[in-house]
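structure03.pdb follows; it contains PDB, C-alpha atoms.
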```
ATOM      1  CA  MET L  28       0.000   0.000   0.000  1.00  0.00           C
ATOM      2  CA  SER L  29       1.469   3.350  -0.926  1.00  0.00           C
ATOM      3  CA  GLY L  30       1.813   6.157   1.535  1.00  0.00           C
ATOM      4  CA  HIS L  31      -0.225   8.290  -0.834  1.00  0.00           C
ATOM      5  CA  SER L  32      -3.162   5.876  -0.590  1.00  0.00           C
ATOM      6  CA  LYS L  33      -2.950   5.967   3.183  1.00  0.00           C
ATOM      7  CA  TRP L  34      -2.724   9.762   3.088  1.00  0.00           C
ATOM      8  CA  ALA L  35      -5.891   9.873   0.961  1.00  0.00           C
ATOM      9  CA  GLY L  36      -7.687   8.062   3.756  1.00  0.00           C
ATOM     10  CA  ILE L  37      -6.205  10.346   6.413  1.00  0.00           C
ATOM     11  CA  LYS L  38      -7.247  13.434   4.426  1.00  0.00           C
ATOM     12  CA  HIS L  39     -10.773  12.035   4.159  1.00  0.00           C
ATOM     13  CA  LYS L  40     -11.003  11.510   7.930  1.00  0.00           C
ATOM     14  CA  LYS L  41      -9.582  14.997   8.491  1.00  0.00           C
ATOM     15  CA  ALA L  42     -12.225  16.459   6.177  1.00  0.00           C
ATOM     16  CA  ILE L  43     -14.985  14.790   8.195  1.00  0.00           C
ATOM     17  CA  ILE L  44     -13.602  16.222  11.442  1.00  0.00           C
ATOM     18  CA  ASP L  45     -13.194  19.663   9.885  1.00  0.00           C
ATOM     19  CA  ALA L  46     -16.756  19.531   8.555  1.00  0.00           C
ATOM     20  CA  LYS L  47     -18.100  18.763  12.013  1.00  0.00           C
ATOM     21  CA  LYS L  48     -16.220  21.797  13.299  1.00  0.00           C
ATOM     22  CA  GLY L  49     -17.811  23.940  10.588  1.00  0.00           C
ATOM     23  CA  LYS L  50     -14.469  24.614   8.924  1.00  0.00           C
ATOM     24  CA  GLU L  51     -15.711  23.464   5.522  1.00  0.00           C
ATOM     25  CA  PHE L  52     -18.900  25.541   5.650  1.00  0.00           C
ATOM     26  CA  THR L  53     -17.696  28.357   3.370  1.00  0.00           C
ATOM     27  CA  LYS L  54     -15.997  25.959   0.967  1.00  0.00           C
ATOM     28  CA  ALA L  55     -19.115  23.811   0.713  1.00  0.00           C
ATOM     29  CA  ALA L  56     -21.196  26.873  -0.194  1.00  0.00           C
ATOM     30  CA  ALA L  57     -18.707  27.860  -2.905  1.00  0.00           C
ATOM     31  CA  MET L  58     -18.742  24.338  -4.369  1.00  0.00           C
ATOM     32  CA  ILE L  59     -22.539  24.408  -4.573  1.00  0.00           C
ATOM     33  CA  THR L  60     -22.447  27.769  -6.329  1.00  0.00           C
ATOM     34  CA  ILE L  61     -19.843  26.611  -8.868  1.00  0.00           C
ATOM     35  CA  ALA L  62     -21.710  23.353  -9.557  1.00  0.00           C
ATOM     36  CA  ALA L  63     -24.981  25.236 -10.082  1.00  0.00           C
ATOM     37  CA  LYS L  64     -23.225  27.759 -12.308  1.00  0.00           C
ATOM     38  CA  GLN L  65     -21.773  25.012 -14.506  1.00  0.00           C
ATOM     39  CA  GLY L  66     -24.624  22.506 -14.623  1.00  0.00           C
ATOM     40  CA  GLY L  67     -27.841  24.178 -13.500  1.00  0.00           C
ATOM     41  CA  GLY L  68     -29.700  24.319 -10.216  1.00  0.00           C
ATOM     42  CA  ASP L  69     -31.552  20.977 -10.326  1.00  0.00           C
ATOM     43  CA  PRO L  70     -29.613  18.364  -8.305  1.00  0.00           C
ATOM     44  CA  LYS L  71     -31.584  15.582 -10.011  1.00  0.00           C
ATOM     45  CA  MET L  72     -30.034  16.608 -13.325  1.00  0.00           C
ATOM     46  CA  ASN L  73     -26.687  17.835 -11.984  1.00  0.00           C
ATOM     47  CA  PHE L  74     -24.612  15.126 -10.290  1.00  0.00           C
ATOM     48  CA  ALA L  75     -21.828  17.550  -9.299  1.00  0.00           C
ATOM     49  CA  LEU L  76     -24.421  19.673  -7.519  1.00  0.00           C
ATOM     50  CA  ARG L  77     -25.746  16.627  -5.666  1.00  0.00           C
ATOM     51  CA  LEU L  78     -22.230  15.844  -4.447  1.00  0.00           C
ATOM     52  CA  ALA L  79     -21.715  19.453  -3.353  1.00  0.00           C
ATOM     53  CA  ILE L  80     -25.024  19.455  -1.487  1.00  0.00           C
ATOM     54  CA  ASP L  81     -24.061  16.216   0.288  1.00  0.00           C
ATOM     55  CA  LYS L  82     -20.825  17.851   1.484  1.00  0.00           C
ATOM     56  CA  ALA L  83     -22.746  20.909   2.628  1.00  0.00           C
ATOM     57  CA  LYS L  84     -25.134  18.762   4.643  1.00  0.00           C
ATOM     58  CA  ALA L  85     -22.138  16.959   6.189  1.00  0.00           C
ATOM     59  CA  ALA L  86     -20.953  20.416   7.297  1.00  0.00           C
ATOM     60  CA  ASN L  87     -24.396  20.994   8.863  1.00  0.00           C
ATOM     61  CA  MET L  88     -25.298  23.793   6.462  1.00  0.00           C
ATOM     62  CA  PRO L  89     -28.969  24.828   6.822  1.00  0.00           C
ATOM     63  CA  SER L  90     -31.233  24.181   3.842  1.00  0.00           C
ATOM     64  CA  VAL L  91     -31.869  27.901   3.375  1.00  0.00           C
ATOM     65  CA  ASN L  92     -28.125  28.476   2.903  1.00  0.00           C
ATOM     66  CA  ILE L  93     -27.926  25.633   0.406  1.00  0.00           C
ATOM     67  CA  GLU L  94     -30.775  27.125  -1.597  1.00  0.00           C
ATOM     68  CA  ARG L  95     -29.142  30.554  -1.493  1.00  0.00           C
ATOM     69  CA  SER L  96     -25.859  29.105  -2.786  1.00  0.00           C
ATOM     70  CA  ILE L  97     -27.681  27.370  -5.646  1.00  0.00           C
ATOM     71  CA  LYS L  98     -29.494  30.565  -6.625  1.00  0.00           C
ATOM     72  CA  LYS L  99     -26.216  32.484  -6.514  1.00  0.00           C
ATOM     73  CA  GLY L 100     -24.761  30.018  -8.994  1.00  0.00           C
ATOM     74  CA  THR L 101     -27.741  30.177 -11.348  1.00  0.00           C
ATOM     75  CA  GLY L 102     -27.736  33.965 -11.233  1.00  0.00           C
ATOM     76  CA  GLU L 103     -31.130  34.310  -9.537  1.00  0.00           C
ATOM     77  CA  LEU L 104     -29.645  36.456  -6.780  1.00  0.00           C
ATOM     78  CA  GLY L 105     -27.572  38.643  -9.082  1.00  0.00           C
ATOM     79  CA  GLY L 106     -23.860  39.276  -8.732  1.00  0.00           C
ATOM     80  CA  ALA L 107     -21.034  37.115 -10.014  1.00  0.00           C
ATOM     81  CA  ALA L 108     -20.437  33.542  -8.914  1.00  0.00           C
ATOM     82  CA  PRO L 109     -16.905  32.742  -7.693  1.00  0.00           C
ATOM     83  CA  ASP L 110     -14.296  31.688 -10.241  1.00  0.00           C
ATOM     84  CA  GLU L 111     -12.820  28.190 -10.197  1.00  0.00           C
ATOM     85  CA  LEU L 112      -9.007  28.348 -10.463  1.00  0.00           C
ATOM     86  CA  THR L 113      -6.036  25.974 -10.424  1.00  0.00           C
ATOM     87  CA  TYR L 114      -2.531  26.796  -9.203  1.00  0.00           C
ATOM     88  CA  GLU L 115       0.576  24.669  -9.714  1.00  0.00           C
ATOM     89  CA  GLY L 116       3.829  24.388  -7.839  1.00  0.00           C
ATOM     90  CA  TYR L 117       6.460  22.225  -6.204  1.00  0.00           C
ATOM     91  CA  ALA L 118       7.103  21.058  -2.656  1.00  0.00           C
ATOM     92  CA  GLN L 119      10.393  19.652  -1.345  1.00  0.00           C
ATOM     93  CA  ALA L 120      12.036  16.739  -3.211  1.00  0.00           C
ATOM     94  CA  GLY L 121      10.459  17.890  -6.478  1.00  0.00           C
ATOM     95  CA  VAL L 122       6.969  16.811  -5.407  1.00  0.00           C
ATOM     96  CA  ALA L 123       4.348  18.300  -7.746  1.00  0.00           C
ATOM     97  CA  VAL L 124       1.456  20.167  -6.121  1.00  0.00           C
ATOM     98  CA  LEU L 125      -1.888  21.015  -7.749  1.00  0.00           C
ATOM     99  CA  VAL L 126      -4.133  23.464  -5.888  1.00  0.00           C
ATOM    100  CA  GLU L 127      -7.839  23.954  -6.668  1.00  0.00           C
ATOM    101  CA  ALA L 128      -9.532  27.120  -5.464  1.00  0.00           C
ATOM    102  CA  MET L 129     -12.756  29.106  -5.736  1.00  0.00           C
ATOM    103  CA  THR L 130     -12.578  32.848  -5.333  1.00  0.00           C
ATOM    104  CA  ASP L 131     -14.250  36.183  -5.918  1.00  0.00           C
ATOM    105  CA  ASN L 132     -10.853  37.910  -5.806  1.00  0.00           C
ATOM    106  CA  ARG L 133      -8.180  36.347  -8.033  1.00  0.00           C
ATOM    107  CA  ASN L 134      -5.398  38.665  -6.854  1.00  0.00           C
ATOM    108  CA  ARG L 135      -6.016  37.899  -3.180  1.00  0.00           C
ATOM    109  CA  THR L 136      -6.111  34.152  -3.700  1.00  0.00           C
ATOM    110  CA  ALA L 137      -3.021  34.063  -5.926  1.00  0.00           C
ATOM    111  CA  SER L 138      -1.095  36.094  -3.361  1.00  0.00           C
ATOM    112  CA  GLU L 139      -2.142  33.833  -0.480  1.00  0.00           C
ATOM    113  CA  VAL L 140      -1.269  30.652  -2.375  1.00  0.00           C
ATOM    114  CA  ARG L 141       2.108  32.032  -3.488  1.00  0.00           C
ATOM    115  CA  SER L 142       3.063  33.255  -0.016  1.00  0.00           C
ATOM    116  CA  THR L 143       2.097  29.866   1.495  1.00  0.00           C
ATOM    117  CA  PHE L 144       4.300  28.005  -0.984  1.00  0.00           C
ATOM    118  CA  THR L 145       7.183  30.343  -0.116  1.00  0.00           C
ATOM    119  CA  LYS L 146       6.658  30.207   3.662  1.00  0.00           C
ATOM    120  CA  TYR L 147       6.761  26.404   3.716  1.00  0.00           C
ATOM    121  CA  GLY L 148       9.722  25.933   1.382  1.00  0.00           C
ATOM    122  CA  GLY L 149       7.913  25.284  -1.900  1.00  0.00           C
ATOM    123  CA  ASN L 150       7.533  27.415  -4.994  1.00  0.00           C
ATOM    124  CA  MET L 151       4.828  28.314  -7.489  1.00  0.00           C
ATOM    125  CA  ALA L 152       5.156  27.132 -11.091  1.00  0.00           C
ATOM    126  CA  GLU L 153       3.799  28.230 -14.444  1.00  0.00           C
ATOM    127  CA  THR L 154       0.438  26.949 -15.669  1.00  0.00           C
ATOM    128  CA  GLY L 155       0.877  23.469 -17.142  1.00  0.00           C
ATOM    129  CA  ALA L 156       4.120  22.751 -15.311  1.00  0.00           C
ATOM    130  CA  VAL L 157       2.723  19.913 -13.189  1.00  0.00           C
ATOM    131  CA  ALA L 158      -0.926  19.430 -14.251  1.00  0.00           C
ATOM    132  CA  TYR L 159       0.062  16.746 -16.790  1.00  0.00           C
ATOM    133  CA  LEU L 160       1.332  14.596 -13.902  1.00  0.00           C
ATOM    134  CA  PHE L 161      -2.240  14.151 -12.617  1.00  0.00           C
ATOM    135  CA  GLU L 162      -5.375  12.501 -13.984  1.00  0.00           C
ATOM    136  CA  LYS L 163      -8.937  13.389 -13.041  1.00  0.00           C
ATOM    137  CA  LYS L 164     -10.663  10.462 -11.349  1.00  0.00           C
ATOM    138  CA  GLY L 165     -13.650   9.738  -9.162  1.00  0.00           C
ATOM    139  CA  GLN L 166     -13.091   8.614  -5.594  1.00  0.00           C
ATOM    140  CA  ILE L 167     -15.650   7.118  -3.234  1.00  0.00           C
ATOM    141  CA  TYR L 168     -15.141   6.460   0.467  1.00  0.00           C
ATOM    142  CA  LEU L 169     -16.797   3.763   2.563  1.00  0.00           C
ATOM    143  CA  ASN L 170     -16.274   3.311   6.283  1.00  0.00           C
ATOM    144  CA  SER L 171     -16.077  -0.452   6.754  1.00  0.00           C
ATOM    145  CA  HIS L 172     -17.456  -0.162  10.299  1.00  0.00           C
ATOM    146  CA  ASP L 173     -20.690   1.414   9.022  1.00  0.00           C
ATOM    147  CA  GLN L 174     -21.551  -1.456   6.675  1.00  0.00           C
ATOM    148  CA  LYS L 175     -23.908  -4.348   7.329  1.00  0.00           C
ATOM    149  CA  ALA L 176     -22.150  -6.502   4.712  1.00  0.00           C
ATOM    150  CA  THR L 177     -19.129  -8.708   5.367  1.00  0.00           C
ATOM    151  CA  PRO L 178     -15.693  -7.605   4.072  1.00  0.00           C
ATOM    152  CA  ASP L 179     -15.869 -10.194   1.292  1.00  0.00           C
ATOM    153  CA  ASP L 180     -19.308  -8.958   0.197  1.00  0.00           C
ATOM    154  CA  ILE L 181     -18.139  -5.340   0.327  1.00  0.00           C
ATOM    155  CA  GLU L 182     -15.189  -6.053  -1.921  1.00  0.00           C
ATOM    156  CA  LEU L 183     -17.286  -8.132  -4.317  1.00  0.00           C
ATOM    157  CA  ALA L 184     -19.793  -5.268  -4.590  1.00  0.00           C
ATOM    158  CA  ILE L 185     -16.953  -2.831  -5.288  1.00  0.00           C
ATOM    159  CA  ILE L 186     -15.606  -5.062  -8.061  1.00  0.00           C
ATOM    160  CA  ASP L 187     -19.089  -5.548  -9.560  1.00  0.00           C
ATOM    161  CA  SER L 188     -19.764  -1.789  -9.459  1.00  0.00           C
ATOM    162  CA  GLY L 189     -17.332  -1.063 -12.301  1.00  0.00           C
ATOM    163  CA  ALA L 190     -14.743   0.660 -10.137  1.00  0.00           C
ATOM    164  CA  GLU L 191     -11.168   0.712 -11.398  1.00  0.00           C
ATOM    165  CA  ASP L 192      -9.454  -0.014  -8.082  1.00  0.00           C
ATOM    166  CA  PHE L 193      -9.858   0.152  -4.325  1.00  0.00           C
ATOM    167  CA  ASP L 194      -7.703   0.335  -1.216  1.00  0.00           C
ATOM    168  CA  LEU L 195      -8.461  -0.349   2.446  1.00  0.00           C
ATOM    169  CA  SER L 196      -6.603   1.644   5.097  1.00  0.00           C
ATOM    170  CA  ASP L 197      -7.569   2.081   8.755  1.00  0.00           C
ATOM    171  CA  GLY L 198     -11.094   0.894   8.100  1.00  0.00           C
ATOM    172  CA  VAL L 199     -11.758   3.222   5.154  1.00  0.00           C
ATOM    173  CA  TYR L 200     -12.227   1.925   1.610  1.00  0.00           C
ATOM    174  CA  THR L 201     -10.938   4.381  -0.997  1.00  0.00           C
ATOM    175  CA  ILE L 202     -12.538   3.388  -4.308  1.00  0.00           C
ATOM    176  CA  THR L 203     -11.196   4.844  -7.554  1.00  0.00           C
ATOM    177  CA  THR L 204     -13.273   5.205 -10.728  1.00  0.00           C
ATOM    178  CA  ARG L 205     -12.994   6.850 -14.105  1.00  0.00           C
ATOM    179  CA  ALA L 206     -14.299  10.401 -13.839  1.00  0.00           C
ATOM    180  CA  VAL L 207     -17.255   9.598 -16.107  1.00  0.00           C
ATOM    181  CA  ASP L 208     -18.137   6.519 -14.035  1.00  0.00           C
ATOM    182  CA  LEU L 209     -18.322   8.183 -10.610  1.00  0.00           C
ATOM    183  CA  GLN L 210     -22.110   8.505 -10.618  1.00  0.00           C
ATOM    184  CA  SER L 211     -22.808   4.986 -11.894  1.00  0.00           C
ATOM    185  CA  VAL L 212     -20.342   3.362  -9.471  1.00  0.00           C
ATOM    186  CA  LYS L 213     -21.742   5.309  -6.516  1.00  0.00           C
ATOM    187  CA  GLU L 214     -25.286   4.308  -7.443  1.00  0.00           C
ATOM    188  CA  ALA L 215     -24.249   0.653  -7.891  1.00  0.00           C
ATOM    189  CA  LEU L 216     -22.701   0.598  -4.416  1.00  0.00           C
ATOM    190  CA  GLU L 217     -25.819   2.141  -2.894  1.00  0.00           C
ATOM    191  CA  THR L 218     -27.984  -0.385  -4.747  1.00  0.00           C
ATOM    192  CA  ALA L 219     -25.836  -3.101  -3.127  1.00  0.00           C
ATOM    193  CA  ASP L 220     -26.918  -1.628   0.244  1.00  0.00           C
ATOM    194  CA  LEU L 221     -23.530  -0.113   1.033  1.00  0.00           C
ATOM    195  CA  LYS L 222     -23.400   3.212   2.855  1.00  0.00           C
ATOM    196  CA  VAL L 223     -21.335   5.713   0.851  1.00  0.00           C
ATOM    197  CA  ASP L 224     -19.528   8.075   3.189  1.00  0.00           C
ATOM    198  CA  ASP L 225     -18.361  10.542   0.551  1.00  0.00           C
ATOM    199  CA  ALA L 226     -17.751  10.843  -3.204  1.00  0.00           C
ATOM    200  CA  GLU L 227     -15.795  13.368  -5.231  1.00  0.00           C
ATOM    201  CA  LEU L 228     -13.993  14.130  -8.442  1.00  0.00           C
ATOM    202  CA  THR L 229     -10.302  14.563  -7.723  1.00  0.00           C
ATOM    203  CA  PHE L 230      -6.845  14.473  -9.290  1.00  0.00           C
ATOM    204  CA  ILE L 231      -4.763  11.300  -8.907  1.00  0.00           C
ATOM    205  CA  PRO L 232      -1.012  11.389  -9.634  1.00  0.00           C
ATOM    206  CA  LYS L 233       0.143   9.315 -12.597  1.00  0.00           C
ATOM    207  CA  THR L 234       3.580   8.879 -11.028  1.00  0.00           C
ATOM    208  CA  GLU L 235       4.761   9.406  -7.462  1.00  0.00           C
ATOM    209  CA  VAL L 236       7.937  10.696  -5.850  1.00  0.00           C
ATOM    210  CA  ASN L 237       9.160   8.376  -3.102  1.00  0.00           C
ATOM    211  CA  VAL L 238       9.903  10.413   0.029  1.00  0.00           C
ATOM    212  CA  ALA L 239      11.716   8.195   2.528  1.00  0.00           C
ATOM    213  CA  ASP L 240      13.233  10.976   4.646  1.00  0.00           C
ATOM    214  CA  GLU L 241      11.128  11.838   7.693  1.00  0.00           C
ATOM    215  CA  THR L 242      12.176  15.497   7.825  1.00  0.00           C
ATOM    216  CA  THR L 243      11.417  16.059   4.138  1.00  0.00           C
ATOM    217  CA  ALA L 244       8.097  14.212   4.418  1.00  0.00           C
ATOM    218  CA  GLY L 245       7.102  16.404   7.355  1.00  0.00           C
ATOM    219  CA  LYS L 246       7.852  19.583   5.410  1.00  0.00           C
ATOM    220  CA  ILE L 247       5.752  18.393   2.459  1.00  0.00           C
ATOM    221  CA  LEU L 248       2.770  17.542   4.649  1.00  0.00           C
ATOM    222  CA  ARG L 249       2.997  20.876   6.464  1.00  0.00           C
ATOM    223  CA  LEU L 250       2.917  22.688   3.118  1.00  0.00           C
ATOM    224  CA  VAL L 251      -0.102  20.656   1.966  1.00  0.00           C
ATOM    225  CA  ASP L 252      -1.896  21.310   5.264  1.00  0.00           C
ATOM    226  CA  ALA L 253      -1.187  25.052   5.096  1.00  0.00           C
ATOM    227  CA  LEU L 254      -2.517  25.271   1.536  1.00  0.00           C
ATOM    228  CA  GLU L 255      -5.657  23.309   2.465  1.00  0.00           C
ATOM    229  CA  ASP L 256      -6.259  25.693   5.368  1.00  0.00           C
ATOM    230  CA  LEU L 257      -6.542  28.696   3.037  1.00  0.00           C
ATOM    231  CA  GLU L 258     -10.162  29.821   2.883  1.00  0.00           C
ATOM    232  CA  ASP L 259     -10.334  29.958  -0.926  1.00  0.00           C
ATOM    233  CA  VAL L 260      -8.640  26.578  -1.470  1.00  0.00           C
ATOM    234  CA  THR L 261     -10.993  23.636  -1.997  1.00  0.00           C
ATOM    235  CA  SER L 262      -8.449  20.835  -2.470  1.00  0.00           C
ATOM    236  CA  VAL L 263      -4.732  20.117  -2.779  1.00  0.00           C
ATOM    237  CA  HIS L 264      -3.146  17.228  -4.665  1.00  0.00           C
ATOM    238  CA  ALA L 265       0.499  16.138  -4.477  1.00  0.00           C
ATOM    239  CA  ASN L 266       2.367  13.250  -6.123  1.00  0.00           C
ATOM    240  CA  PHE L 267       4.286  11.906  -3.130  1.00  0.00           C
ATOM    241  CA  ASP L 268       4.601   8.369  -1.781  1.00  0.00           C
ATOM    242  CA  ILE L 269       5.623   8.280   1.876  1.00  0.00           C
ATOM    243  CA  PRO L 270       6.328   4.829   3.391  1.00  0.00           C
ATOM    244  CA  GLU L 271       3.793   3.911   6.062  1.00  0.00           C
ATOM    245  CA  GLU L 272       6.391   3.581   8.789  1.00  0.00           C
ATOM    246  CA  ILE L 273       7.402   7.213   8.242  1.00  0.00           C
ATOM    247  CA  LEU L 274       3.863   8.478   7.719  1.00  0.00           C
ATOM    248  CA  GLU L 275       2.790   7.009  11.040  1.00  0.00           C
ATOM    249  CA  LYS L 276       5.465   9.050  12.859  1.00  0.00           C
ATOM    250  CA  LEU L 277       4.226  12.362  11.420  1.00  0.00           C
TER     251      LEU L 277
END
```
Conversion result in C-alpha cells:
Amino acid sequence: MSGHSKWAGIKHKKAIIDAKKGKEFTKAAAMITIAAKQGGGDPKMNFALRLAIDKAKAANMPSVNIERSIKKGTGELGGAAPDELTYEGYAQAGVAVLVEAMTDNRNRTASEVRSTFTKYGGNMAETGAVAYLFEKKGQIYLNSHDQKATPDDIELAIIDSGAEDFDLSDGVYTITTRAVDLQSVKEALETADLKVDDAELTFIPKTEVNVADETTAGKILRLVDALEDLEDVTSVHANFDIPEEILEKL
C-alpha cells in the first residue's frame, strides 16, 4: 500500500472532522455555487451539484443556505459567482502540487497561495508545469465499520460496481473510478446496500515521488496542510509516496 493511498484516507477523515467543526462551511457553499453555475440548479439533473449538497449537509449547512448558494450560482440572486481556479507548484524533493480554489478575488487568492508556498519551502510554477502529472478520477469512500455486509461482500460489490481499483486503510475503503463513471459506481454501491460516506472528483497522480526521509516528508505535509487551510482553497493534490512507517510518525 502506498503512503499516498494511506494519506488519501487520512485526508478524508480529516475532512470529516473539519466539517463537524464547521471549517468546511464556506468551501461547501462555494462548491454548490460553482456546480450550479456550470450545470444548473436541479440536483436531479446535476450530479456535481448533488455531491456538493451532500458535502454541505455533512458540514451541517442549513437548507436555506444551500438554496441561497444554488441561486447564486444560477444567477437568480444577481452578482457574479466565484471563479474556479487551479494553481501549480512544487514542494520539497520535487513533489508536484496542484491546488484547486474558488474565489471572488483572483489577486487575493493568488497572493495567499504564493506566499504559502514560499513560507513552507515550496515554490509556485507556471500553468501546465505539473498538471500533466495528474489525472482526473472519481473517488468514493466507505467506512467499513458502518456497513452491514461482510468484508468479502463489500469487496465483491466494489468489483461488480465497475470501479477501477480500491484500497483499504484504517477501516476506510478508498474506491477509484474513471471520472465519467463516478455517478454509476456510486449508485451501484448504494444499490448493493452499502453506505457511501463521501464521493468526489479529484486528481490522482500518474507517477509518485518516493519520500523516505522523515524530515522532508514532514515539510511536504505541512505545506499541503497550510494550503488546504486557506479559505479559498478547496483541495490540494500532491504526487508523493511516503512509506507507512514514516507516515505514522508524522
Translate the PyMOL selection byres ((chain L and resi 169) around 8), as applied to the file shown, into an explicit residue set as JSON, numbers by chain. {"L": [167, 168, 170, 171, 173, 199, 200, 201, 221, 222, 223, 224, 225]}
Can you list, as a list in words, the residues that the PyMOL selection byres ((chain L and resi 118) around 8) selects here?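 Applied to this file, the PyMOL selection byres ((chain L and resi 118) around 8) selects Gly116, Tyr117, Gln119, Ala120, Gly121, Val122, Ala123, Val124, Phe144, Gly148, Gly149, Asn150, Ile247 and Leu250 of chain L.
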Looking at all atoms listed in the file, which of L:Ala244, L:Ala215, L:Leu209, L:Val91 is the one that sits closest to Phe267 of chain L?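 Result for the nearest residue to Phe267 of chain L: L:Ala244.
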Rounded to one decimal in Å, what is the spacing between atom CA of Glu241 of chain L and atom CA of Glu255 of chain L?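 Atom-to-atom, atom CA of Glu241 of chain L to atom CA of Glu255 of chain L, that is 21.0 Å.
Between Asp187 of chain L and the candidates L:Glu275, L:Asp81, L:Asp268, L:Glu214, the tightest atom-to-atom separation, counting all atoms listed in the file, involves L:Glu214.
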Could you pull out every residue with an atom within 12 Å of (5.3, 33.8, -6.2), file coordinates, counting all atoms listed in the file, and send them as a ChimeraX atom specification? /L:114-117,134,136-146,148-153
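The coordinates place atom CA of Thr113 of chain L at 17.4 Å from atom CA of Lys64 of chain L.
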Point-to-point distance in Å for atom CA of Ile59 of chain L and atom CA of Glu94 of chain L: 9.2 Å
Please return, as a list in words, all polymer residues that have at least one atom within 7 Å of the point (-14.9, 31.6, -8.2); use only C-alpha atoms and the file's own coordinate frame. Ala108, Pro109, Asp110, Glu111, Met129, Thr130 and Asp131 of chain L
Can you sort out the box for segment 262-269 of chain L, edges along x, y and z, all listed atoms in, 8 Å on every side, with centre and edge lengths in Å to one decimal, as JSON?
```
{"center_x": -1.4, "center_y": 14.6, "center_z": -2.1, "size_x": 30.1, "size_y": 28.6, "size_z": 24.0}
```
Nearest to Ile231 of chain L among L:Glu127, L:Glu272, L:Glu162, L:Asp197, with distances taken over all atoms listed in the file: which residue is it? L:Glu162
Show me, as a PyMOL selection string, the residues that have an atom within 8 Å of Ile185 of chain L when counting all atoms listed in the file, minus same-chain residues fewer than 6 positions from it. chain L and resi 193+202+216
Any chance you could export the current selection's C-alpha atoms as a JSON list (two decimals), in the coordinates of the input?
```json
[["chain", "number", "residue", "atom", "x", "y", "z"],
["L", 193, "PHE", "CA", -9.86, 0.15, -4.32],
["L", 202, "ILE", "CA", -12.54, 3.39, -4.31],
["L", 216, "LEU", "CA", -22.70, 0.60, -4.42]]
```
